[in-house]
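Asks: Dropping in my_file_12.cif, with mmCIF, N, CA and C atoms.
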```cif
data_structure
#
loop_
_atom_site.label_atom_id
_atom_site.label_comp_id
_atom_site.auth_asym_id
_atom_site.auth_seq_id
_atom_site.Cartn_x
_atom_site.Cartn_y
_atom_site.Cartn_z
N MET A 212 146.17 204.11 200.76
CA MET A 212 147.01 203.31 199.89
C MET A 212 146.35 203.22 198.52
N GLU A 213 147.14 203.39 197.47
CA GLU A 213 146.62 203.34 196.11
C GLU A 213 146.17 201.93 195.77
N PRO A 214 145.18 201.80 194.89
CA PRO A 214 144.71 200.47 194.52
C PRO A 214 145.80 199.68 193.78
N ILE A 215 145.79 198.40 193.98
CA ILE A 215 146.79 197.56 193.33
C ILE A 215 146.16 196.97 192.07
N THR A 216 146.57 197.49 190.94
CA THR A 216 146.02 197.10 189.64
C THR A 216 146.83 195.96 189.03
N ALA A 217 146.33 195.42 187.95
CA ALA A 217 147.04 194.36 187.23
C ALA A 217 148.38 194.90 186.71
N ALA A 218 148.40 196.14 186.25
CA ALA A 218 149.64 196.74 185.75
C ALA A 218 150.67 196.86 186.88
N THR A 219 150.21 197.25 188.06
CA THR A 219 151.11 197.36 189.21
C THR A 219 151.67 195.99 189.57
N ILE A 220 150.80 194.99 189.57
CA ILE A 220 151.23 193.63 189.92
C ILE A 220 152.23 193.11 188.90
N ALA A 221 151.94 193.29 187.62
CA ALA A 221 152.87 192.83 186.58
C ALA A 221 154.22 193.53 186.72
N THR A 222 154.20 194.83 186.97
CA THR A 222 155.44 195.58 187.13
C THR A 222 156.22 195.09 188.34
N LEU A 223 155.54 194.86 189.46
CA LEU A 223 156.23 194.35 190.64
C LEU A 223 156.84 192.98 190.38
N ALA A 224 156.13 192.14 189.64
CA ALA A 224 156.63 190.80 189.35
C ALA A 224 157.92 190.84 188.54
N PHE A 225 158.06 191.87 187.71
CA PHE A 225 159.23 191.95 186.84
C PHE A 225 160.15 193.12 187.21
N THR A 226 160.05 193.63 188.42
CA THR A 226 160.88 194.75 188.85
C THR A 226 162.36 194.45 188.73
N LYS A 227 162.75 193.23 189.03
CA LYS A 227 164.16 192.86 188.95
C LYS A 227 164.71 193.05 187.54
N VAL A 228 163.86 192.88 186.54
CA VAL A 228 164.28 193.02 185.15
C VAL A 228 164.39 194.49 184.75
N PHE A 229 163.40 195.29 185.14
CA PHE A 229 163.31 196.66 184.67
C PHE A 229 163.97 197.67 185.59
N GLU A 230 164.00 197.41 186.87
CA GLU A 230 164.50 198.37 187.84
C GLU A 230 165.99 198.20 188.01
N LYS A 231 166.72 199.26 187.79
CA LYS A 231 168.18 199.22 187.94
C LYS A 231 168.59 199.27 189.41
N THR A 232 167.74 199.81 190.25
CA THR A 232 168.08 199.97 191.66
C THR A 232 167.18 199.11 192.52
N ILE A 233 167.38 197.79 192.46
CA ILE A 233 166.56 196.91 193.28
C ILE A 233 166.97 196.99 194.75
N GLU A 234 168.01 197.79 195.03
CA GLU A 234 168.40 198.00 196.42
C GLU A 234 167.29 198.71 197.19
N LYS A 235 166.30 199.25 196.49
CA LYS A 235 165.18 199.93 197.13
C LYS A 235 164.29 198.95 197.87
N PHE A 236 164.50 197.64 197.67
CA PHE A 236 163.63 196.63 198.26
C PHE A 236 164.40 195.76 199.23
N THR A 237 163.70 195.29 200.26
CA THR A 237 164.30 194.37 201.22
C THR A 237 164.47 193.00 200.55
N GLU A 238 165.26 192.16 201.18
CA GLU A 238 165.46 190.81 200.65
C GLU A 238 164.14 190.04 200.62
N ALA A 239 163.33 190.23 201.65
CA ALA A 239 162.02 189.56 201.70
C ALA A 239 161.14 190.00 200.53
N ALA A 240 161.17 191.28 200.20
CA ALA A 240 160.38 191.79 199.07
C ALA A 240 160.88 191.20 197.75
N LEU A 241 162.18 191.06 197.61
CA LEU A 241 162.73 190.47 196.39
C LEU A 241 162.29 189.01 196.25
N GLN A 242 162.23 188.29 197.36
CA GLN A 242 161.75 186.91 197.32
C GLN A 242 160.27 186.86 196.96
N LYS A 243 159.51 187.82 197.47
CA LYS A 243 158.07 187.90 197.13
C LYS A 243 157.89 188.18 195.64
N MET A 244 158.79 188.97 195.05
CA MET A 244 158.71 189.24 193.61
C MET A 244 158.85 187.94 192.83
N ASP A 245 159.80 187.11 193.26
CA ASP A 245 159.98 185.81 192.60
C ASP A 245 158.72 184.95 192.75
N GLU A 246 158.14 184.96 193.95
CA GLU A 246 156.93 184.19 194.22
C GLU A 246 155.78 184.68 193.33
N LEU A 247 155.64 185.99 193.23
CA LEU A 247 154.57 186.58 192.41
C LEU A 247 154.74 186.21 190.94
N ARG A 248 155.97 186.34 190.44
CA ARG A 248 156.24 186.00 189.04
C ARG A 248 155.93 184.53 188.78
N LYS A 249 156.31 183.64 189.71
CA LYS A 249 156.06 182.21 189.55
C LYS A 249 154.55 181.93 189.53
N LYS A 250 153.79 182.58 190.41
CA LYS A 250 152.33 182.38 190.44
C LYS A 250 151.70 182.79 189.11
N ILE A 251 152.18 183.90 188.56
CA ILE A 251 151.64 184.38 187.28
C ILE A 251 152.00 183.39 186.17
N PHE A 252 153.26 182.95 186.14
CA PHE A 252 153.68 181.96 185.14
C PHE A 252 152.83 180.69 185.26
N ASP A 253 152.66 180.20 186.49
CA ASP A 253 151.90 178.97 186.71
C ASP A 253 150.45 179.12 186.25
N LYS A 254 149.87 180.28 186.50
CA LYS A 254 148.46 180.50 186.17
C LYS A 254 148.25 180.52 184.65
N PHE A 255 149.23 181.00 183.92
CA PHE A 255 149.07 181.12 182.47
C PHE A 255 149.72 179.95 181.71
N ARG A 256 150.18 178.94 182.46
CA ARG A 256 150.81 177.78 181.81
C ARG A 256 149.83 177.18 180.81
N GLY A 257 150.31 176.96 179.60
CA GLY A 257 149.47 176.39 178.55
C GLY A 257 148.92 177.43 177.59
N ASN A 258 148.93 178.70 177.98
CA ASN A 258 148.48 179.77 177.08
C ASN A 258 149.72 180.31 176.36
N VAL A 259 149.91 179.86 175.13
CA VAL A 259 151.14 180.15 174.38
C VAL A 259 151.39 181.65 174.22
N LYS A 260 150.34 182.40 173.92
CA LYS A 260 150.50 183.85 173.71
C LYS A 260 151.02 184.52 174.99
N VAL A 261 150.43 184.17 176.12
CA VAL A 261 150.84 184.81 177.37
C VAL A 261 152.22 184.32 177.79
N GLU A 262 152.48 183.02 177.63
CA GLU A 262 153.80 182.50 177.98
C GLU A 262 154.90 183.19 177.17
N THR A 263 154.62 183.43 175.89
CA THR A 263 155.59 184.14 175.04
C THR A 263 155.81 185.56 175.56
N ALA A 264 154.73 186.24 175.92
CA ALA A 264 154.85 187.60 176.46
C ALA A 264 155.58 187.59 177.80
N LEU A 265 155.32 186.60 178.63
CA LEU A 265 155.99 186.51 179.93
C LEU A 265 157.49 186.32 179.75
N ARG A 266 157.88 185.44 178.84
CA ARG A 266 159.32 185.23 178.60
C ARG A 266 159.98 186.49 178.04
N ALA A 267 159.28 187.18 177.15
CA ALA A 267 159.84 188.42 176.60
C ALA A 267 159.93 189.50 177.68
N ALA A 268 158.94 189.57 178.55
CA ALA A 268 158.98 190.54 179.65
C ALA A 268 160.15 190.25 180.58
N GLU A 269 160.43 188.96 180.79
CA GLU A 269 161.57 188.58 181.63
C GLU A 269 162.90 189.04 181.02
N LYS A 270 162.90 189.23 179.72
CA LYS A 270 164.11 189.70 179.03
C LYS A 270 164.14 191.21 178.89
N GLY A 271 163.10 191.90 179.43
CA GLY A 271 163.13 193.35 179.44
C GLY A 271 162.22 194.05 178.46
N SER A 272 161.29 193.34 177.83
CA SER A 272 160.40 193.97 176.87
C SER A 272 159.23 194.66 177.58
N LYS A 273 159.22 195.97 177.54
CA LYS A 273 158.15 196.76 178.16
C LYS A 273 156.81 196.52 177.46
N LYS A 274 156.85 196.38 176.14
CA LYS A 274 155.63 196.12 175.37
C LYS A 274 154.98 194.81 175.82
N ASP A 275 155.80 193.79 176.00
CA ASP A 275 155.27 192.50 176.44
C ASP A 275 154.81 192.54 177.89
N LEU A 276 155.44 193.37 178.71
CA LEU A 276 154.98 193.55 180.08
C LEU A 276 153.57 194.14 180.08
N ASP A 277 153.31 195.08 179.18
CA ASP A 277 151.97 195.66 179.05
C ASP A 277 150.96 194.59 178.60
N THR A 278 151.40 193.69 177.72
CA THR A 278 150.54 192.60 177.27
C THR A 278 150.20 191.67 178.43
N VAL A 279 151.21 191.34 179.24
CA VAL A 279 150.98 190.50 180.42
C VAL A 279 149.98 191.17 181.36
N ALA A 280 150.14 192.47 181.57
CA ALA A 280 149.23 193.21 182.45
C ALA A 280 147.80 193.15 181.93
N ALA A 281 147.63 193.23 180.61
CA ALA A 281 146.28 193.17 180.03
C ALA A 281 145.65 191.80 180.26
N TYR A 282 146.40 190.74 180.00
CA TYR A 282 145.89 189.39 180.25
C TYR A 282 145.61 189.18 181.73
N LEU A 283 146.48 189.71 182.57
CA LEU A 283 146.32 189.57 184.01
C LEU A 283 145.05 190.28 184.49
N GLN A 284 144.77 191.44 183.90
CA GLN A 284 143.56 192.19 184.25
C GLN A 284 142.30 191.36 183.99
N VAL A 285 142.26 190.71 182.85
CA VAL A 285 141.10 189.87 182.51
C VAL A 285 141.00 188.70 183.48
N LEU A 286 142.14 188.05 183.74
CA LEU A 286 142.14 186.91 184.65
C LEU A 286 141.71 187.31 186.06
N MET A 287 142.17 188.46 186.52
CA MET A 287 141.80 188.92 187.86
C MET A 287 140.30 189.19 187.94
N HIS A 288 139.72 189.65 186.86
CA HIS A 288 138.28 189.89 186.82
C HIS A 288 137.51 188.55 186.85
N GLU A 289 138.04 187.55 186.14
CA GLU A 289 137.36 186.26 186.06
C GLU A 289 137.58 185.40 187.30
N GLU A 290 138.71 185.59 187.99
CA GLU A 290 139.04 184.76 189.15
C GLU A 290 139.38 185.65 190.35
N PRO A 291 138.37 186.11 191.07
CA PRO A 291 138.60 187.03 192.19
C PRO A 291 139.48 186.46 193.31
N LEU A 292 139.41 185.15 193.55
CA LEU A 292 140.26 184.56 194.59
C LEU A 292 141.73 184.65 194.23
N PHE A 293 142.05 184.37 192.96
CA PHE A 293 143.42 184.52 192.49
C PHE A 293 143.84 185.98 192.57
N ALA A 294 142.94 186.88 192.21
CA ALA A 294 143.23 188.31 192.26
C ALA A 294 143.57 188.74 193.69
N ASP A 295 142.79 188.27 194.65
CA ASP A 295 143.06 188.60 196.05
C ASP A 295 144.42 188.06 196.49
N GLU A 296 144.73 186.85 196.04
CA GLU A 296 146.00 186.22 196.42
C GLU A 296 147.20 187.01 195.90
N ILE A 297 147.16 187.41 194.63
CA ILE A 297 148.32 188.12 194.09
C ILE A 297 148.35 189.58 194.57
N ARG A 298 147.20 190.15 194.87
CA ARG A 298 147.20 191.50 195.47
C ARG A 298 147.86 191.48 196.84
N ALA A 299 147.62 190.42 197.60
CA ALA A 299 148.25 190.30 198.93
C ALA A 299 149.77 190.22 198.80
N ILE A 300 150.24 189.46 197.83
CA ILE A 300 151.69 189.36 197.61
C ILE A 300 152.23 190.72 197.19
N ALA A 301 151.51 191.41 196.31
CA ALA A 301 151.95 192.74 195.85
C ALA A 301 152.02 193.72 197.02
N ARG A 302 151.04 193.65 197.94
CA ARG A 302 151.08 194.52 199.13
C ARG A 302 152.32 194.23 199.98
N ASP A 303 152.66 192.94 200.11
CA ASP A 303 153.87 192.57 200.86
C ASP A 303 155.11 193.14 200.21
N ILE A 304 155.14 193.13 198.88
CA ILE A 304 156.30 193.68 198.16
C ILE A 304 156.38 195.19 198.40
N LYS A 305 155.23 195.86 198.25
CA LYS A 305 155.21 197.31 198.47
C LYS A 305 155.64 197.65 199.90
N ALA A 306 155.24 196.82 200.86
CA ALA A 306 155.62 197.05 202.26
C ALA A 306 157.12 196.87 202.45
N GLY A 307 157.74 196.08 201.59
CA GLY A 307 159.17 195.83 201.68
C GLY A 307 160.02 196.83 200.91
N GLU A 308 159.38 197.87 200.41
CA GLU A 308 160.12 198.91 199.70
C GLU A 308 160.75 199.83 200.73
N LYS A 309 162.04 200.00 200.63
CA LYS A 309 162.76 200.83 201.60
C LYS A 309 162.42 202.29 201.37
N GLN A 310 162.23 203.00 202.45
CA GLN A 310 161.89 204.42 202.40
C GLN A 310 163.15 205.27 202.51
N ASP A 311 163.16 206.37 201.79
CA ASP A 311 164.27 207.32 201.88
C ASP A 311 163.94 208.30 203.01
N ASN A 312 164.60 208.13 204.13
CA ASN A 312 164.37 208.99 205.28
C ASN A 312 165.54 209.95 205.51
N SER A 313 166.31 210.18 204.46
CA SER A 313 167.45 211.08 204.60
C SER A 313 166.96 212.53 204.72
N THR A 314 167.81 213.36 205.26
CA THR A 314 167.48 214.77 205.41
C THR A 314 168.36 215.60 204.49
N MET A 315 167.92 216.82 204.25
CA MET A 315 168.68 217.73 203.41
C MET A 315 168.80 219.07 204.13
N THR A 316 169.91 219.73 203.92
CA THR A 316 170.12 221.06 204.50
C THR A 316 170.52 222.00 203.37
N GLN A 317 169.93 223.17 203.41
CA GLN A 317 170.25 224.16 202.39
C GLN A 317 170.41 225.51 203.08
N ILE A 318 171.43 226.22 202.68
CA ILE A 318 171.65 227.56 203.23
C ILE A 318 171.67 228.54 202.06
N ASN A 319 170.71 229.47 202.06
CA ASN A 319 170.64 230.50 201.03
C ASN A 319 171.03 231.83 201.66
N GLN A 320 171.88 232.55 200.96
CA GLN A 320 172.30 233.85 201.48
C GLN A 320 171.99 234.94 200.46
N ASP A 321 171.84 236.12 200.97
CA ASP A 321 171.54 237.30 200.16
C ASP A 321 170.24 237.07 199.39
N ASN A 322 170.26 237.27 198.09
CA ASN A 322 169.04 237.13 197.29
C ASN A 322 168.96 235.78 196.58
N ALA A 323 169.70 234.81 197.07
CA ALA A 323 169.73 233.50 196.41
C ALA A 323 168.40 232.79 196.58
N ARG A 324 168.06 232.00 195.58
CA ARG A 324 166.87 231.16 195.65
C ARG A 324 167.33 229.71 195.51
N GLY A 325 166.65 228.84 196.20
CA GLY A 325 167.01 227.43 196.09
C GLY A 325 165.82 226.54 196.40
N TRP A 326 165.81 225.36 195.82
CA TRP A 326 164.73 224.41 196.05
C TRP A 326 165.34 223.06 196.39
N GLN A 327 164.77 222.40 197.35
CA GLN A 327 165.18 221.05 197.68
C GLN A 327 163.97 220.15 197.51
N THR A 328 164.17 219.06 196.82
CA THR A 328 163.05 218.16 196.59
C THR A 328 163.51 216.72 196.62
N LYS A 329 162.59 215.84 196.92
CA LYS A 329 162.77 214.40 196.76
C LYS A 329 161.59 213.95 195.91
N VAL A 330 161.87 213.41 194.77
CA VAL A 330 160.81 213.01 193.85
C VAL A 330 160.99 211.55 193.52
N ASP A 331 159.91 210.81 193.61
CA ASP A 331 159.94 209.39 193.27
C ASP A 331 158.96 209.13 192.15
N GLY A 332 159.21 209.75 190.99
CA GLY A 332 158.33 209.60 189.85
C GLY A 332 157.21 210.63 189.87
N GLY A 333 156.43 210.64 188.82
CA GLY A 333 155.32 211.58 188.75
C GLY A 333 155.77 212.90 188.14
N THR A 334 155.05 213.95 188.42
CA THR A 334 155.39 215.28 187.92
C THR A 334 155.94 216.09 189.07
N ALA A 335 157.10 216.65 188.86
CA ALA A 335 157.73 217.46 189.90
C ALA A 335 157.81 218.90 189.41
N TYR A 336 157.39 219.81 190.25
CA TYR A 336 157.50 221.23 189.96
C TYR A 336 158.64 221.76 190.82
N ILE A 337 159.80 221.89 190.23
CA ILE A 337 161.00 222.27 190.96
C ILE A 337 161.42 223.65 190.48
N GLY A 338 161.27 224.61 191.37
CA GLY A 338 161.61 225.97 190.98
C GLY A 338 160.75 226.41 189.83
N GLU A 339 161.38 226.80 188.75
CA GLU A 339 160.64 227.21 187.57
C GLU A 339 160.65 226.14 186.50
N ASN A 340 160.99 224.91 186.88
CA ASN A 340 161.07 223.79 185.94
C ASN A 340 159.99 222.76 186.26
N THR A 341 159.46 222.14 185.24
CA THR A 341 158.53 221.03 185.41
C THR A 341 159.19 219.79 184.82
N ILE A 342 159.25 218.74 185.62
CA ILE A 342 159.88 217.50 185.18
C ILE A 342 158.84 216.40 185.23
N ASN A 343 158.59 215.77 184.08
CA ASN A 343 157.63 214.68 184.02
C ASN A 343 158.38 213.37 183.90
N GLN A 344 158.08 212.46 184.79
CA GLN A 344 158.71 211.15 184.77
C GLN A 344 157.69 210.14 185.27
N ALA A 345 157.68 208.96 184.66
CA ALA A 345 156.75 207.93 185.10
C ALA A 345 157.14 207.49 186.50
N PRO A 346 156.16 207.28 187.37
CA PRO A 346 156.47 206.80 188.72
C PRO A 346 157.03 205.39 188.65
N PRO A 347 157.86 205.01 189.60
CA PRO A 347 158.38 203.64 189.59
C PRO A 347 157.24 202.65 189.77
N ASN A 348 157.42 201.49 189.19
CA ASN A 348 156.44 200.41 189.28
C ASN A 348 155.11 200.78 188.65
N SER A 349 155.17 201.59 187.56
CA SER A 349 153.90 201.91 186.90
C SER A 349 153.78 201.12 185.64
#
```
Would you mind giving the structure from this file in structure tokens?

Replies:
Amino acid sequence: MEPITAATIATLAFTKVFEKTIEKFTEAALQKMDELRKKIFDKFRGNVKVETALRAAEKGSKKDLDTVAAYLQVLMHEEPLFADEIRAIARDIKAGEKQDNSTMTQINQDNARGWQTKVDGGTAYIGENTINQAPPNS
């Protein structure tokens, strides 16, 4: 399992804002996202700069989400118990992500070439094409 960074945690907390397809998550995971976002808000209560960035991130500002992640990284370093607590919530959210277990069938005849792929972000090498896309929740 990949390490759960401050950026991952911030992204998970605001997935409902940025992700158009929240159907990828179970209802329990969506509730955990709310819990995670509330814990982050509560922890930074009184810090005007972070509260401003949190409110802007809630409205869809990617730049402010990056700012929140930076502040969260420092806080996680300074308060390991809080870091462990929010990492546990983030793991629960990741566990509630629905998996695509669909199958694909392709029939090639004669000299035809074909590629079937399922890509969930990252770099995909499909046939003779390279597609670069940020992974979800990054």

Asks: I'd like the contact shell of region 253-255 of chain A - 10 Å cut-off, only C-alpha atoms, skipping same-chain residues fewer than 6 positions apart - returned as a PyMOL selection string.

Replies: chain A and resi 247+261-262+265+279+282-283+286+293

Asks: Since we have the selection now, will you write its residues out, keeping N, CA and C atoms, as a PDB file, keeping the file's coordinate frame?

Replies:
```pdb
ATOM      1  N   LEU A 247     155.640 185.990 193.230  1.00  0.00           N
ATOM      2  CA  LEU A 247     154.570 186.580 192.410  1.00  0.00           C
ATOM      3  C   LEU A 247     154.740 186.210 190.940  1.00  0.00           C
ATOM      4  N   VAL A 261     150.430 184.170 176.120  1.00  0.00           N
ATOM      5  CA  VAL A 261     150.840 184.810 177.370  1.00  0.00           C
ATOM      6  C   VAL A 261     152.220 184.320 177.790  1.00  0.00           C
ATOM      7  N   GLU A 262     152.480 183.020 177.630  1.00  0.00           N
ATOM      8  CA  GLU A 262     153.800 182.500 177.980  1.00  0.00           C
ATOM      9  C   GLU A 262     154.900 183.190 177.170  1.00  0.00           C
ATOM     10  N   LEU A 265     155.320 186.600 178.630  1.00  0.00           N
ATOM     11  CA  LEU A 265     155.990 186.510 179.930  1.00  0.00           C
ATOM     12  C   LEU A 265     157.490 186.320 179.750  1.00  0.00           C
ATOM     13  N   VAL A 279     151.210 191.340 179.240  1.00  0.00           N
ATOM     14  CA  VAL A 279     150.980 190.500 180.420  1.00  0.00           C
ATOM     15  C   VAL A 279     149.980 191.170 181.360  1.00  0.00           C
ATOM     16  N   TYR A 282     146.400 190.740 180.000  1.00  0.00           N
ATOM     17  CA  TYR A 282     145.890 189.390 180.250  1.00  0.00           C
ATOM     18  C   TYR A 282     145.610 189.180 181.730  1.00  0.00           C
ATOM     19  N   LEU A 283     146.480 189.710 182.570  1.00  0.00           N
ATOM     20  CA  LEU A 283     146.320 189.570 184.010  1.00  0.00           C
ATOM     21  C   LEU A 283     145.050 190.280 184.490  1.00  0.00           C
ATOM     22  N   LEU A 286     142.140 188.050 183.740  1.00  0.00           N
ATOM     23  CA  LEU A 286     142.140 186.910 184.650  1.00  0.00           C
ATOM     24  C   LEU A 286     141.710 187.310 186.060  1.00  0.00           C
ATOM     25  N   PHE A 293     142.050 184.370 192.960  1.00  0.00           N
ATOM     26  CA  PHE A 293     143.420 184.520 192.490  1.00  0.00           C
ATOM     27  C   PHE A 293     143.840 185.980 192.570  1.00  0.00           C
TER      28      PHE A 293
END
```

Asks: Would you compute the distance between atom N of Met244 (chain A) and CA of Lys260 (chain A)? Give it in Å to one decimal.

Replies: 23.5 Å

Asks: For Ala239 (chain A), which of A:Asn319, A:Ile304, A:Arg266, A:Thr314 is the closest residue, counting only N, CA and C atoms?

Replies: A:Ile304

Asks: Any idea what's packed within 8 Å of region 216-224 of chain A, counting all atoms listed in the file, ignoring anything in its chain fewer than 6 positions away? Could you give it as number ranges by chain?

Replies: A: 243-249, 276-277, 279-285, 287, 297-298, 300-301, 304-305, 347-349

Asks: Among region 289-322 of chain A, which ones does DSSP place in helix (DSSP H, G or I), written as a list in words?

Replies: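 Matching residues for helix (DSSP H, G or I) in region 289-322 of chain A are Glu289, Pro291, Leu292, Phe293, Ala294, Asp295, Glu296, Ile297, Arg298, Ala299, Ile300, Ala301, Arg302, Asp303, Ile304, Lys305 and Ala306 of chain A.
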
Asks: Between CA of Gly271 (chain A) and CA of Phe225 (chain A), what is the distance, to one decimal in Å?

Replies: 8.5 Å

Asks: Between CA of Thr226 (chain A) and atom C of Glu296 (chain A), measure the distance and give it in Å to one decimal.

Replies: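 Separating CA of Thr226 (chain A) from atom C of Glu296 (chain A) is a distance of 17.2 Å.
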
Asks: Between A:Thr316, A:Gln242, A:Thr278, A:Thr237, which is the closest to Thr263 (chain A) once you count only C-alpha atoms?

Replies: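 Using only C-alpha atoms, Thr263 (chain A) sits closest to A:Thr278.
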